[in-house]
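Have a look at protein.pdb; it's PDB, C-alpha atoms and all ligand atoms:
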```pdb
ATOM      1  CA  MET F   1      17.097 -10.782  39.249
ATOM      2  CA  THR F   2      15.266 -13.051  36.803
ATOM      3  CA  GLY F   3      12.288 -10.636  36.902
ATOM      4  CA  GLN F   4      14.579  -7.695  36.138
ATOM      5  CA  LYS F   5      16.079  -9.592  33.214
ATOM      6  CA  SER F   6      12.693 -10.391  31.701
ATOM      7  CA  LEU F   7      11.582  -6.758  32.188
ATOM      8  CA  LEU F   8      14.707  -5.627  30.361
ATOM      9  CA  GLN F   9      14.027  -8.144  27.603
ATOM     10  CA  ASP F  10      10.410  -6.919  27.263
ATOM     11  CA  PHE F  11      11.659  -3.342  27.076
ATOM     12  CA  ARG F  12      14.187  -4.265  24.379
ATOM     13  CA  GLU F  13      11.445  -5.965  22.326
ATOM     14  CA  ILE F  14       9.194  -2.904  22.636
ATOM     15  CA  VAL F  15      12.039  -0.642  21.466
ATOM     16  CA  LEU F  16      12.719  -2.962  18.517
ATOM     17  CA  ASP F  17       8.996  -3.015  17.562
ATOM     18  CA  LEU F  18       8.824   0.760  17.815
ATOM     19  CA  ARG F  19      11.952   1.164  15.716
ATOM     20  CA  GLU F  20      10.478  -1.139  13.050
ATOM     21  CA  TYR F  21       7.188   0.792  13.125
ATOM     22  CA  LEU F  22       8.890   4.179  12.735
ATOM     23  CA  SER F  23      11.057   2.936   9.905
ATOM     24  CA  TYR F  24       7.919   1.639   8.158
ATOM     25  CA  GLN F  25       6.135   4.974   8.580
ATOM     26  CA  LYS F  26       9.152   6.771   7.135
ATOM     27  CA  ASP F  27       9.119   4.407   4.129
ATOM     28  CA  ILE F  28       5.524   5.381   3.322
ATOM     29  CA  GLY F  29       6.160   9.092   3.671
ATOM     30  CA  VAL F  30       5.071   9.913   7.219
ATOM     31  CA  GLU F  31       7.552  12.402   8.540
ATOM     32  CA  GLY F  32       6.461  12.932  12.106
ATOM     33  CA  PHE F  33       3.905  12.346  14.813
ATOM     34  CA  PRO F  34       2.206  15.219  16.570
ATOM     35  CA  THR F  35       2.265  14.841  20.342
ATOM     36  CA  ASN F  36      -0.700  17.120  21.071
ATOM     37  CA  PRO F  37      -3.928  15.111  20.543
ATOM     38  CA  GLU F  38      -5.856  18.095  19.134
ATOM     39  CA  LYS F  39      -3.095  18.839  16.701
ATOM     40  CA  ARG F  40      -2.929  15.137  15.864
ATOM     41  CA  ASP F  41      -6.615  15.193  14.823
ATOM     42  CA  SER F  42      -6.202  18.236  12.655
ATOM     43  CA  VAL F  43      -3.120  16.818  10.959
ATOM     44  CA  THR F  44      -4.975  13.560  10.351
ATOM     45  CA  LYS F  45      -7.894  15.348   8.689
ATOM     46  CA  ARG F  46      -5.526  17.399   6.586
ATOM     47  CA  SER F  47      -3.634  14.274   5.547
ATOM     48  CA  ILE F  48      -6.759  12.476   4.428
ATOM     49  CA  LEU F  49      -7.958  15.411   2.418
ATOM     50  CA  SER F  50      -4.574  15.994   0.860
ATOM     51  CA  ILE F  51      -4.176  13.478  -1.931
ATOM     52  CA  ASP F  52      -1.041  14.448  -3.733
ATOM     53  CA  ASN F  53       2.422  13.229  -4.555
ATOM     54  CA  SER F  54       3.655  13.919  -1.053
ATOM     55  CA  GLY F  55       1.733  10.876   0.225
ATOM     56  CA  VAL F  56      -1.189  10.352   2.511
ATOM     57  CA  GLY F  57      -0.196  10.554   6.163
ATOM     58  CA  VAL F  58      -1.494   7.966   8.569
ATOM     59  CA  TYR F  59      -1.652   8.959  12.204
ATOM     60  CA  GLU F  60      -3.032   6.185  14.265
ATOM     61  CA  ASP F  61      -2.284   4.084  17.283
ATOM     62  CA  LEU F  62       0.916   2.096  17.601
ATOM     63  CA  SER F  63      -0.823  -1.183  18.266
ATOM     64  CA  GLY F  64       0.116  -2.878  15.022
ATOM     65  CA  TYR F  65      -1.303  -3.366  11.547
ATOM     66  CA  GLY F  66      -3.084  -6.669  11.898
ATOM     67  CA  GLU F  67      -5.267  -5.545  14.775
ATOM     68  CA  ALA F  68      -8.594  -3.662  14.903
ATOM     69  CA  LYS F  69     -10.266  -3.519  11.507
ATOM     70  CA  ALA F  70     -12.036  -0.283  12.372
ATOM     71  CA  GLY F  71     -10.283   3.053  12.432
ATOM     72  CA  SER F  72      -8.040   2.828   9.393
ATOM     73  CA  LEU F  73      -7.528   6.416   8.326
ATOM     74  CA  ILE F  74      -6.405   5.727   4.820
ATOM     75  CA  THR F  75      -8.711   4.389   2.130
ATOM     76  CA  LEU F  76      -8.120   2.401  -1.029
ATOM     77  CA  GLU F  77     -10.042   5.044  -2.970
ATOM     78  CA  ALA F  78      -7.695   7.750  -1.704
ATOM     79  CA  ILE F  79      -4.641   5.669  -2.564
ATOM     80  CA  ARG F  80      -5.950   5.009  -6.084
ATOM     81  CA  LYS F  81      -6.634   8.690  -6.498
ATOM     82  CA  GLU F  82      -3.143   9.537  -5.310
ATOM     83  CA  LEU F  83      -1.652   7.041  -7.769
ATOM     84  CA  GLY F  84      -3.526   8.777 -10.613
ATOM     85  CA  ASP F  85      -2.175   8.246 -14.120
ATOM     86  CA  CYS F  86       1.111   7.243 -12.556
ATOM     87  CA  LYS F  87       4.361   7.931 -14.358
ATOM     88  CA  ARG F  88       6.630   7.498 -11.360
ATOM     89  CA  CYS F  89       8.685   4.805 -13.091
ATOM     90  CA  LYS F  90       9.540   3.780 -16.634
ATOM     91  CA  LEU F  91       6.967   0.967 -16.700
ATOM     92  CA  HIS F  92       4.231   3.514 -17.397
ATOM     93  CA  SER F  93       5.315   3.802 -21.031
ATOM     94  CA  GLY F  94       4.432   0.222 -21.990
ATOM     95  CA  ARG F  95       1.308  -0.390 -19.958
ATOM     96  CA  ARG F  96      -2.296  -0.428 -21.106
ATOM     97  CA  ASN F  97      -3.783  -0.322 -17.632
ATOM     98  CA  ILE F  98      -2.641   0.207 -14.079
ATOM     99  CA  VAL F  99      -3.511  -2.946 -12.154
ATOM    100  CA  PHE F 100      -4.315  -1.552  -8.744
ATOM    101  CA  GLY F 101      -5.841  -4.586  -7.011
ATOM    102  CA  THR F 102      -9.288  -6.053  -6.443
ATOM    103  CA  GLY F 103     -11.354  -7.648  -3.741
ATOM    104  CA  ASN F 104     -12.681  -7.032  -0.286
ATOM    105  CA  LYS F 105     -11.368  -3.764   1.149
ATOM    106  CA  ASN F 106     -11.692  -5.272   4.637
ATOM    107  CA  ALA F 107     -10.161  -8.610   3.722
ATOM    108  CA  ARG F 108      -8.534 -10.698   6.412
ATOM    109  CA  LEU F 109      -6.427 -12.380   3.744
ATOM    110  CA  LEU F 110      -4.343 -10.377   1.288
ATOM    111  CA  ILE F 111      -2.713 -12.164  -1.629
ATOM    112  CA  VAL F 112       0.286 -10.441  -3.203
ATOM    113  CA  GLY F 113       1.818 -11.400  -6.530
ATOM    114  CA  GLU F 114       4.703  -9.962  -8.497
ATOM    115  CA  GLY F 115       3.181  -7.790 -11.212
ATOM    116  CA  PRO F 116       0.650  -7.824 -14.038
ATOM    117  CA  GLY F 117       1.115 -10.086 -17.047
ATOM    118  CA  ARG F 118      -0.394  -9.641 -20.508
ATOM    119  CA  ASP F 119      -3.968 -10.578 -19.602
ATOM    120  CA  GLU F 120      -3.906  -8.467 -16.444
ATOM    121  CA  ASP F 121      -2.518  -5.491 -18.371
ATOM    122  CA  ILE F 122      -5.377  -5.758 -20.870
ATOM    123  CA  LYS F 123      -8.126  -6.150 -18.269
ATOM    124  CA  GLY F 124      -6.669  -3.937 -15.542
ATOM    125  CA  GLU F 125      -7.227  -6.680 -12.956
ATOM    126  CA  PRO F 126      -4.752  -8.938 -11.163
ATOM    127  CA  PHE F 127      -4.622 -12.682 -11.833
ATOM    128  CA  VAL F 128      -7.117 -13.039 -14.669
ATOM    129  CA  GLY F 129      -5.160 -15.306 -17.037
ATOM    130  CA  LYS F 130      -4.519 -19.038 -16.677
ATOM    131  CA  ALA F 131      -2.473 -18.491 -13.528
ATOM    132  CA  GLY F 132      -5.352 -16.398 -12.211
ATOM    133  CA  GLN F 133      -7.820 -19.195 -12.838
ATOM    134  CA  LEU F 134      -5.571 -21.548 -10.902
ATOM    135  CA  LEU F 135      -5.344 -18.994  -8.092
ATOM    136  CA  THR F 136      -9.156 -18.853  -7.969
ATOM    137  CA  ARG F 137      -9.247 -22.648  -7.569
ATOM    138  CA  ILE F 138      -6.598 -22.460  -4.828
ATOM    139  CA  ILE F 139      -8.636 -19.830  -2.967
ATOM    140  CA  ASN F 140     -11.811 -21.893  -3.377
ATOM    141  CA  ALA F 141      -9.994 -24.956  -2.043
ATOM    142  CA  ILE F 142      -9.790 -23.298   1.374
ATOM    143  CA  ASN F 143     -13.470 -22.409   1.275
ATOM    144  CA  LEU F 144     -12.990 -18.769   0.342
ATOM    145  CA  ASN F 145     -13.743 -16.891  -2.835
ATOM    146  CA  ARG F 146     -12.032 -14.052  -4.636
ATOM    147  CA  GLU F 147     -14.565 -11.517  -3.361
ATOM    148  CA  GLU F 148     -13.642 -12.298   0.242
ATOM    149  CA  VAL F 149      -9.914 -11.717  -0.149
ATOM    150  CA  TYR F 150      -7.927  -8.860  -1.646
ATOM    151  CA  ILE F 151      -5.489  -9.487  -4.486
ATOM    152  CA  ALA F 152      -2.705  -7.092  -5.445
ATOM    153  CA  ASN F 153       0.825  -7.064  -6.808
ATOM    154  CA  ILE F 154       4.145  -5.573  -5.784
ATOM    155  CA  ILE F 155       4.104  -3.428  -8.916
ATOM    156  CA  LYS F 156       1.096  -2.158 -10.796
ATOM    157  CA  CYS F 157       2.261  -1.953 -14.423
ATOM    158  CA  ARG F 158       3.359  -4.794 -16.667
ATOM    159  CA  PRO F 159       7.121  -5.073 -17.161
ATOM    160  CA  PRO F 160       8.040  -5.607 -20.834
ATOM    161  CA  GLY F 161       8.195  -9.291 -21.746
ATOM    162  CA  ASN F 162       7.141 -10.123 -18.179
ATOM    163  CA  ARG F 163      10.704  -9.578 -16.934
ATOM    164  CA  ASN F 164      11.296  -9.145 -13.220
ATOM    165  CA  PRO F 165      10.691  -5.610 -11.970
ATOM    166  CA  GLU F 166      13.869  -3.577 -11.471
ATOM    167  CA  PRO F 167      14.926  -1.968  -8.175
ATOM    168  CA  ASP F 168      13.984   1.581  -9.220
ATOM    169  CA  GLU F 169      10.532   0.357 -10.314
ATOM    170  CA  ILE F 170       9.978  -1.435  -7.020
ATOM    171  CA  LYS F 171      11.130   1.618  -5.119
ATOM    172  CA  ALA F 172       8.620   3.788  -6.983
ATOM    173  CA  CYS F 173       5.677   1.412  -6.739
ATOM    174  CA  GLU F 174       5.981  -0.551  -3.496
ATOM    175  CA  PRO F 175       4.946   2.387  -1.260
ATOM    176  CA  PHE F 176       1.477   2.174  -2.802
ATOM    177  CA  LEU F 177       1.155  -1.488  -1.888
ATOM    178  CA  THR F 178       2.358  -0.587   1.592
ATOM    179  CA  LYS F 179      -0.436   1.963   1.845
ATOM    180  CA  GLN F 180      -2.955  -0.567   0.535
ATOM    181  CA  ILE F 181      -1.881  -2.898   3.317
ATOM    182  CA  GLN F 182      -2.397  -0.109   5.822
ATOM    183  CA  ALA F 183      -5.871   0.557   4.443
ATOM    184  CA  ILE F 184      -6.974  -3.073   4.324
ATOM    185  CA  ARG F 185      -5.283  -4.180   7.545
ATOM    186  CA  PRO F 186      -5.218  -7.853   6.650
ATOM    187  CA  GLU F 187      -4.435 -10.399   9.308
ATOM    188  CA  ILE F 188      -2.757 -12.797   6.907
ATOM    189  CA  ILE F 189      -0.705 -12.085   3.795
ATOM    190  CA  CYS F 190       0.093 -14.769   1.258
ATOM    191  CA  ALA F 191       3.052 -13.820  -0.957
ATOM    192  CA  LEU F 192       2.965 -15.637  -4.278
ATOM    193  CA  GLY F 193       6.367 -16.525  -5.671
ATOM    194  CA  ALA F 194       9.942 -15.734  -4.797
ATOM    195  CA  PHE F 195       9.849 -12.171  -6.008
ATOM    196  CA  ALA F 196       6.866 -11.077  -3.907
ATOM    197  CA  ALA F 197       8.104 -12.945  -0.837
ATOM    198  CA  GLN F 198      11.660 -11.616  -1.086
ATOM    199  CA  THR F 199      10.514  -8.047  -1.725
ATOM    200  CA  LEU F 200       8.114  -7.971   1.212
ATOM    201  CA  LEU F 201      10.434  -9.767   3.614
ATOM    202  CA  LYS F 202      13.579  -7.944   2.385
ATOM    203  CA  THR F 203      15.523 -11.155   1.978
ATOM    204  CA  ASP F 204      17.361 -13.124  -0.708
ATOM    205  CA  GLU F 205      16.314 -16.452   0.765
ATOM    206  CA  LYS F 206      14.931 -18.952  -1.747
ATOM    207  CA  ILE F 207      11.181 -19.499  -1.907
ATOM    208  CA  SER F 208      11.739 -23.173  -1.107
ATOM    209  CA  LYS F 209      13.243 -22.079   2.231
ATOM    210  CA  LEU F 210      10.718 -19.300   2.906
ATOM    211  CA  ARG F 211       7.530 -21.251   2.262
ATOM    212  CA  GLY F 212       5.911 -23.593   4.761
ATOM    213  CA  ARG F 213       5.932 -21.202   7.711
ATOM    214  CA  PHE F 214       4.612 -17.844   8.810
ATOM    215  CA  HIS F 215       6.889 -14.815   8.889
ATOM    216  CA  SER F 216       6.164 -11.438  10.422
ATOM    217  CA  TYR F 217       5.509  -8.510   8.131
ATOM    218  CA  HIS F 218       5.117  -5.561  10.472
ATOM    219  CA  ARG F 219       3.388  -7.977  12.845
ATOM    220  CA  ILE F 220       1.062  -9.336  10.153
ATOM    221  CA  LYS F 221       1.425 -13.070   9.545
ATOM    222  CA  LEU F 222       2.919 -13.566   6.107
ATOM    223  CA  ILE F 223       3.297 -16.924   4.416
ATOM    224  CA  PRO F 224       5.092 -17.284   1.096
ATOM    225  CA  THR F 225       4.169 -19.993  -1.381
ATOM    226  CA  TYR F 226       4.811 -20.852  -5.015
ATOM    227  CA  HIS F 227       3.338 -18.641  -7.740
ATOM    228  CA  PRO F 228       0.419 -20.174  -9.711
ATOM    229  CA  ALA F 229       2.287 -19.517 -12.986
ATOM    230  CA  PHE F 230       5.151 -21.638 -11.634
ATOM    231  CA  LEU F 231       2.649 -24.352 -10.687
ATOM    232  CA  LEU F 232       1.306 -24.453 -14.238
ATOM    233  CA  ARG F 233       4.813 -25.363 -15.391
ATOM    234  CA  ASN F 234       5.623 -27.541 -12.368
ATOM    235  CA  PRO F 235       2.451 -29.317 -11.219
ATOM    236  CA  ASN F 236       4.499 -31.499  -8.829
ATOM    237  CA  PHE F 237       4.826 -28.477  -6.558
ATOM    238  CA  LYS F 238       1.070 -28.199  -6.029
ATOM    239  CA  ARG F 239       1.302 -30.342  -2.911
ATOM    240  CA  PHE F 240       3.540 -27.721  -1.245
ATOM    241  CA  VAL F 241       1.055 -24.990  -2.061
ATOM    242  CA  TRP F 242      -1.715 -27.138  -0.649
ATOM    243  CA  GLU F 243       0.266 -27.494   2.608
ATOM    244  CA  ASP F 244       0.740 -23.708   2.765
ATOM    245  CA  MET F 245      -2.902 -23.056   2.012
ATOM    246  CA  GLN F 246      -3.968 -25.415   4.762
ATOM    247  CA  MET F 247      -1.851 -23.386   7.181
ATOM    248  CA  ILE F 248      -3.616 -20.253   5.970
ATOM    249  CA  GLN F 249      -7.011 -21.911   6.338
ATOM    250  CA  LYS F 250      -6.232 -22.975   9.905
ATOM    251  CA  GLU F 251      -5.088 -19.476  10.818
ATOM    252  CA  TYR F 252      -8.077 -17.917   9.046
ATOM    253  CA  LEU F 253     -10.516 -20.160  10.909
ATOM    254  CA  SER F 254      -8.889 -19.277  14.222
ATOM    255  CA  LEU F 255      -9.538 -15.593  13.441
ATOM    256  CA  THR F 256     -13.180 -16.095  12.633
ATOM    257  CA  SER F 257     -14.180 -18.661  15.285
TER
HETATM  258  S1  LIG J 301       4.732   0.443 -11.904
HETATM  259 FE1  LIG J 301       3.882   1.624 -10.213
HETATM  260  S2  LIG J 301       5.267   3.384  -9.969
HETATM  261 FE2  LIG J 301       5.657   2.498 -11.997
HETATM  262  S3  LIG J 301       4.336   3.700 -13.370
HETATM  263 FE3  LIG J 301       3.200   1.854 -12.759
HETATM  264  S4  LIG J 301       1.971   2.493 -10.998
HETATM  265 FE4  LIG J 301       3.582   4.029 -11.287
END
```
Please render this file's structure as structure tokens.
Ligand code: SF4
Amino acid sequence: MTGQKSLLQDFREIVLDLREYLSYQKDIGVEGFPTNPEKRDSVTKRSILSIDNSGVGVYEDLSGYGEAKAGSLITLEAIRKELGDCKRCKLHSGRRNIVFGTGNKNARLLIVGEGPGRDEDIKGEPFVGKAGQLLTRIINAINLNREEVYIANIIKCRPPGNRNPEPDEIKACEPFLTKQIQAIRPEIICALGAFAAQTLLKTDEKISKLRGRFHSYHRIKLIPTYHPAFLLRNPNFKRFVWEDMQMIQKEYLSLTS
């Protein structure tokens, strides 16, 4: 009886995982999965070659996003090409540059911030101002460098006056980050600040409650921590970030040892 119960529980968990996976695919524009393997291959090739506003389809195994680095069928180059000179939301009108993201396209650690500020908008790169310099020091403190990780934002154009992005802007832009995550297949995501953490985890929980532990983002380990810009104004919070970064370092080392 106990065995039957645990089998039923396993089955329920599989169904829940599958439901989450399908909902995620729908969010990024995948409308169906061919059941015939030959057809599946041809659809995959067509999807990769078709870089347009309808989205790049990803047809791959159901084993999760944090596993197997090889075999990702979507590339950062294709996603950038698809994004083009994006005017999908009103933020396009005030930007100088789209800040797509930089770093190692096979990174195990992905760092996600909110959106570009003034310096990032000018340079077209994420985290290049004072907060960016602090982020570099934080990354170095766990024996990594910026070239080893990938850094991106929830939205890719600077909101006027650095205001928080609005729901319609997130809705237009987040699918591209989602695709970047699919291309990179990181094993750990660090969400910087309340906005990034709440957007990725779909929660209103405060950053003080979210930080300090790993969450699951489509089976990828995600840890929220305070944003470097917040740390510049509140240096007393650096110790919490250090705790979070040590958790990341421990997890990172366990992946590479
Ligand atoms: S914020 Fe994103 S969706 Fe909006 S214009 Fe920029 S790239 Fe496009």
From F:Gly94, F:Pro228, F:Gly115, F:Gly193, residue lying nearest Asn164 (chain F) [only C-alpha atoms]
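Closest candidate: F:Gly115.
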Residues within 7 Å of ligand LIG 301 (chain J), counting all atoms listed in the file, as a VMD selection string:
chain F and resid 83 86 to 92 98 155 to 157 169 172 to 173
Report, in Å to a single decimal, how far apart CA of Gly117 (chain F) and CA of Pro159 (chain F) are.
7.8 Å
Please write as number ranges by chain the list of polymer residues whose atoms come within 9 Å of (-0.4, -16.0, -20.0), counting only C-alpha atoms and keeping to the coordinates of the file.
F: 117-119, 129-131, 229
Once the PyMOL selection byres (((chain F and resi 150) around 8) and not hetatm) is applied to the coordinates I shared, what remains selected? I want it as an mmCIF file with C-alpha atoms, in the coordinates of the input.
```cif
data_model
loop_
_atom_site.group_PDB
_atom_site.id
_atom_site.type_symbol
_atom_site.label_atom_id
_atom_site.label_comp_id
_atom_site.auth_asym_id
_atom_site.auth_seq_id
_atom_site.Cartn_x
_atom_site.Cartn_y
_atom_site.Cartn_z
ATOM 1 C CA GLY F 101 -5.841 -4.586 -7.011
ATOM 2 C CA THR F 102 -9.288 -6.053 -6.443
ATOM 3 C CA GLY F 103 -11.354 -7.648 -3.741
ATOM 4 C CA ASN F 104 -12.681 -7.032 -0.286
ATOM 5 C CA LYS F 105 -11.368 -3.764 1.149
ATOM 6 C CA ALA F 107 -10.161 -8.610 3.722
ATOM 7 C CA LEU F 109 -6.427 -12.380 3.744
ATOM 8 C CA LEU F 110 -4.343 -10.377 1.288
ATOM 9 C CA ILE F 111 -2.713 -12.164 -1.629
ATOM 10 C CA ARG F 146 -12.032 -14.052 -4.636
ATOM 11 C CA GLU F 147 -14.565 -11.517 -3.361
ATOM 12 C CA GLU F 148 -13.642 -12.298 0.242
ATOM 13 C CA VAL F 149 -9.914 -11.717 -0.149
ATOM 14 C CA ILE F 151 -5.489 -9.487 -4.486
ATOM 15 C CA ALA F 152 -2.705 -7.092 -5.445
#
```
